[in-house]
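Remarks on the structure that follows.
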Amino acid sequence: MVRRDPRGAAAAGLALLIVGCADAPAVPPSARPVALGADACAALRGFTGRGVRVVAATAVTPSPVWSSPTQAAYNGVASKPFCRVEGVIQGRVGFEFWLPATQAWSGRLLGAGVGGDAGIYNYADLGRGVDAGFAAVTTDSGHKAADAHWMLDRAAVDDYTHRAQHLTNQAARALVEAYYGRPAAHAYFLGCSGGGRQGLKEVQDYPGDYDGVVVGAPGPNMPPLSARMMWLGLRDQRDPAGALNDADWSLVAKAAVAACDRDDGLADGLVANPPTCRFDPAVLACSTGTVGACLTPAKLATVRITYAPLRDEAGKPIDSGVFPGVRTRPGPPSPLLRAMFADGAHRDPSWDAGTFTVAGDLALAQRRLGKLWTNKTDLSAFRARGGKLLIYQGWLDPSVIAQQSLEYYAGLEARTGGGRETRAFARLMMVPGLYHCRGGTGPDRFGGSATPEPIGDGDHDVLSAMVAWVEQGRAPERIVASQVEDGQVTRQRPLCVWPSQAVHIGGDPNKAESFRCAAPGEGKAS
């Protein structure tokens, strides 16, 4: 059963961060007195341990719920009492840390990631976390959303790409000891999109920060992905006759699903294993006497180019393309792409995007924004200390294409031995029909970052499943995802550990018990 909660959570996300202050007076957390209730919360005002300066500490008693300040995304609510800590590090990195009452604290710390270009807080997962007994922390990554050209600041870029998340974790640990009088027993991270990328960076570069890390659509090769989007957007501008609108992409997506829906033995509107899908968009070509929607030759050419591997000017492939059925964002390139290449790579806000080249601009990004790549597969230090990693990825994600997560995990398998050796500490779950972090044509509710449901049980919630893996040694074999319409669960489907997929074994196809996890091609099994 899926539990629901009236939360205002936004879709997924890009970064959780914070930075230490070298010249701040170090106050040993253990030296601070531990009080109770509102007194303990007030005692955190002015805290300066680990470079943190607490500017406000307020005891919050929801009645019946407390709503976070309103921002563009990631708004949330809490229903349990907590101490709301607002602070800053190095005079520019803002953070919020919500600590449940002492008697309600589970002994766990939760880091909550933020997507896009960050600059805001993940109140959604702070509320979910504190209601479930986690002390939950998030940060704006060292800049505010209103800072249009923050990527011109080298320190802000370092905070955003890797440094701030690590130091946020360290700061939160110090505050936990100051408030509760004991350290956190376990630390977890939850994020999607850029928030997922930040969690993956933590595992790679700061393996001691978190015991369990759950990341969705982490985009291990973010700059090449951004180059793909930039190039395709510019192509649409240069060839408007070939540019597809939203209705066109919907037509393509539906046709791909229709072509491959039965490949898994069940006609349910979902393609369980898109890599095996064979779809020719030529079936949508307009011809004499065509009735209904169709695609012109120019638009068909765009579809083929979009699905094909991106190549640089010398013909070198940059990626492996896009699976059939993925729809893409119509219109001009996202403003975030321009910020990355203009401010971050070229360090020139007036840079002419029309001069963009795949080879040249990617090479420049590599030199100046190298930490945006999160494709390191040497996780030996994280593995050695018992760390666990769970990646989830939507098959139909148009923003972080599924190939990125699949190829990263394949690289991880190649380094660690694959099979059971890799699954002992790292697992991947692919989600049929899922768009970017949330939404899509299939079940998309399984406790991912910034989802509306409260943190629940390990059978239906990825974070709870991670807790069971870390603390009880019970590795997740499947997690039930739900599709919710008008507040009601209409369909459920198990998410399986890659390379297994959900295979229908008979019974109601809308119920999770009608499926088992099996290798592709096994068909029905008892």
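Order determines the names: the first chain of the structure tokens is A, the second B, and so forth; residues in each chain are numbered 1 upward, and ligands are numbered 1 upward as they are shown.
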For this session: From a DSSP pass on the backbone, collect the residues of range 155-371 of chain A flagged as helix (DSSP H, G or I) and hand them back as JSON, numbers by chain.
Result: {"A": [155, 156, 157, 158, 159, 160, 161, 162, 163, 164, 165, 166, 167, 168, 169, 170, 171, 172, 173, 174, 175, 176, 177, 178, 179, 180, 194, 195, 196, 197, 198, 199, 200, 201, 202, 203, 204, 205, 222, 223, 224, 225, 226, 227, 228, 229, 230, 231, 232, 233, 234, 235, 236, 237, 238, 240, 241, 242, 246, 247, 248, 249, 250, 251, 252, 253, 254, 255, 256, 257, 258, 259, 260, 261, 262, 263, 264, 274, 275, 276, 281, 282, 283, 284, 297, 298, 299, 300, 301, 302, 303, 304, 305, 306, 307, 335, 336, 337, 338, 339, 340, 341, 342, 343, 344, 345, 353, 354, 355, 358, 359, 360, 361, 362, 363, 364, 365, 366, 367, 368, 370, 371]}
For His436 in chain A, find every residue with an atom within 12 Å (counting only C-alpha atoms), except residues of its own chain fewer than 5 positions away, and show them as a CSV table (one decimal) with C-alpha atoms, in the first residue's frame.
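File out30.csv, as written:
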chain,number,residue,atom,x,y,z
A,10,ALA,CA,8.6,19.7,-7.0
A,11,ALA,CA,10.2,17.3,-9.6
A,12,ALA,CA,13.7,16.3,-9.2
A,13,GLY,CA,16.9,17.7,-8.7
A,14,LEU,CA,20.6,18.9,-8.9
A,115,GLY,CA,18.4,20.1,-8.9
A,116,GLY,CA,18.7,22.5,-11.7
A,192,CYS,CA,17.8,13.1,-8.2
A,193,SER,CA,19.1,14.7,-11.4
A,194,GLY,CA,21.8,17.2,-10.2
A,196,GLY,CA,21.8,12.6,-7.8
A,216,GLY,CA,18.2,9.1,-9.3
A,217,ALA,CA,19.2,10.1,-12.9
A,218,PRO,CA,22.6,11.2,-11.7
A,219,GLY,CA,24.0,12.2,-15.1
A,326,VAL,CA,12.1,9.2,-25.4
A,327,ARG,CA,10.5,12.5,-26.1
A,328,THR,CA,12.6,15.6,-26.0
A,329,ARG,CA,12.2,19.2,-25.0
A,392,TYR,CA,17.4,4.6,-10.1
A,393,GLN,CA,16.8,5.8,-13.6
A,394,GLY,CA,13.8,6.4,-15.9
A,395,TRP,CA,13.9,4.6,-19.2
A,396,LEU,CA,12.1,7.6,-20.9
A,397,ASP,CA,14.0,10.4,-19.2
A,398,PRO,CA,14.5,13.2,-21.7
A,399,SER,CA,16.8,15.3,-19.5
A,400,VAL,CA,19.3,12.7,-18.3
A,401,ILE,CA,19.2,9.9,-20.9
A,402,ALA,CA,19.1,6.4,-19.6
A,431,VAL,CA,12.0,2.4,-14.2
A,441,THR,CA,3.4,6.9,-18.5
A,444,ASP,CA,6.6,6.8,-10.7
A,448,GLY,CA,12.4,9.1,-4.8
A,449,SER,CA,13.7,12.5,-4.0
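Nearest residue to Ser141 in chain A among A:Thr290, A:Gln165, A:Thr357, A:Ser250 is A:Gln165, counting only C-alpha atoms.
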For this session: Within 9 Å of Lys371 in chain A, counting only C-alpha atoms, which residues show up once you throw out same-chain ones fewer than 3 positions away? Write them as a PyMOL selection string, please.
Result: chain A and resi 158+161-162+201+366+368+374
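If you look at CA of Pro62 in chain A and CA of Phe82 in chain A, they are 8.7 Å away from each other.
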For this session: Find the residues around Asp211 in chain A up to 8 Å (only C-alpha atoms counted), leave out those fewer than 2 positions away in its own chain, and share them as a PyMOL selection string.
Result: chain A and resi 186-188+208-209+213+386-388+470
For this session: Would you mind listing what lies within 8 Å of range 169-171 of chain A as number ranges by chain, with only C-alpha atoms counted and same-chain residues fewer than 4 positions away left out?
Result: A: 18, 20, 49-52, 111, 165, 175, 209
For those residues, write N, CA and C atoms to a file as a short mmCIF file (atom, residue, chain, number, x, y, z; two decimals), in the first residue's frame.
data_model
loop_
_atom_site.label_atom_id
_atom_site.label_comp_id
_atom_site.auth_asym_id
_atom_site.auth_seq_id
_atom_site.Cartn_x
_atom_site.Cartn_y
_atom_site.Cartn_z
N ILE A 18 27.91 22.57 0.75
CA ILE A 18 28.26 23.59 1.73
C ILE A 18 29.76 23.67 1.96
N GLY A 20 33.31 24.93 4.36
CA GLY A 20 33.84 25.27 5.67
C GLY A 20 34.55 26.59 5.68
N GLY A 49 31.07 25.89 15.39
CA GLY A 49 31.91 24.72 15.17
C GLY A 49 31.99 24.34 13.70
N ARG A 50 33.14 23.82 13.27
CA ARG A 50 33.37 23.36 11.91
C ARG A 50 33.13 24.46 10.87
N GLY A 51 33.34 25.70 11.23
CA GLY A 51 33.18 26.79 10.27
C GLY A 51 31.75 27.23 10.05
N VAL A 52 30.81 26.65 10.75
CA VAL A 52 29.39 26.99 10.58
C VAL A 52 29.03 28.16 11.47
N GLY A 111 21.09 13.80 4.02
CA GLY A 111 21.42 14.90 3.14
C GLY A 111 20.45 14.92 1.98
N GLN A 165 28.99 20.02 -0.86
CA GLN A 165 28.25 18.88 -0.33
C GLN A 165 29.04 18.20 0.78
N LEU A 175 26.74 19.79 14.20
CA LEU A 175 25.51 20.29 14.80
C LEU A 175 24.71 19.17 15.46
N ASP A 209 31.56 10.18 3.95
CA ASP A 209 30.47 11.06 4.37
C ASP A 209 29.16 10.33 4.61
#
Problem set entry | Residue nearest Ala293 in chain A among A:Asp248, A:Glu313, A:Asp268, A:Asp457 (counting only C-alpha atoms) | A:Asp248
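Shortest separation to Gly360 in chain A among A:Ala285, A:Ala475, A:Ala227, A:Val271 occurs at residue A:Ala227, atoms counted being only C-alpha atoms.
In this comparison, which uses only C-alpha atoms, the residue of A:Arg438, A:His460, A:Lys316, A:Arg427 approaching Pro499 in chain A most closely is A:Arg427.
Distances here use only C-alpha atoms; by that measure, the residue among A:Ala118, A:Val480, A:Ala272, A:Leu310 closest to Ala519 in chain A is A:Ala272.
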Run DSSP on the backbone and tell me which residues of range 228-329 of chain A come out as strand (DSSP E or B); list them as a compact mmCIF listing (two decimals) with C-alpha atoms, in the first residue's frame.
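Everything below was put into out.txt:
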# COMPACT_ATOMS: atom_id res chain seq x y z
CA ALA A 285 5.99 9.81 -42.64
CA LEU A 295 5.88 13.93 -39.88
CA ARG A 311 29.14 13.26 -32.98
CA PRO A 317 30.84 9.81 -31.23
Problem set entry | Contact residues around Gln204 in chain A with only C-alpha atoms at 8 Å, ignoring same-chain residues under 5 positions, as a VMD selection string | chain A and resid 374 376 to 379 382
With C-alpha atoms kept, could you save the residues just selected as an mmCIF file, in the first residue's frame?
data_model
loop_
_atom_site.group_PDB
_atom_site.id
_atom_site.type_symbol
_atom_site.label_atom_id
_atom_site.label_comp_id
_atom_site.auth_asym_id
_atom_site.auth_seq_id
_atom_site.Cartn_x
_atom_site.Cartn_y
_atom_site.Cartn_z
ATOM 1 C CA THR A 374 30.940 12.305 -12.165
ATOM 2 C CA LYS A 376 34.709 7.823 -11.789
ATOM 3 C CA THR A 377 34.146 4.085 -11.271
ATOM 4 C CA ASP A 378 36.793 3.499 -8.614
ATOM 5 C CA LEU A 379 34.549 3.264 -5.553
ATOM 6 C CA PHE A 382 33.375 3.604 -0.336
#
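You can rank A:Gly325, A:Pro281, A:Pro69, A:Gly127 by their closest distance to Thr302 in chain A using only C-alpha atoms, and at the top of that list sits A:Pro281.
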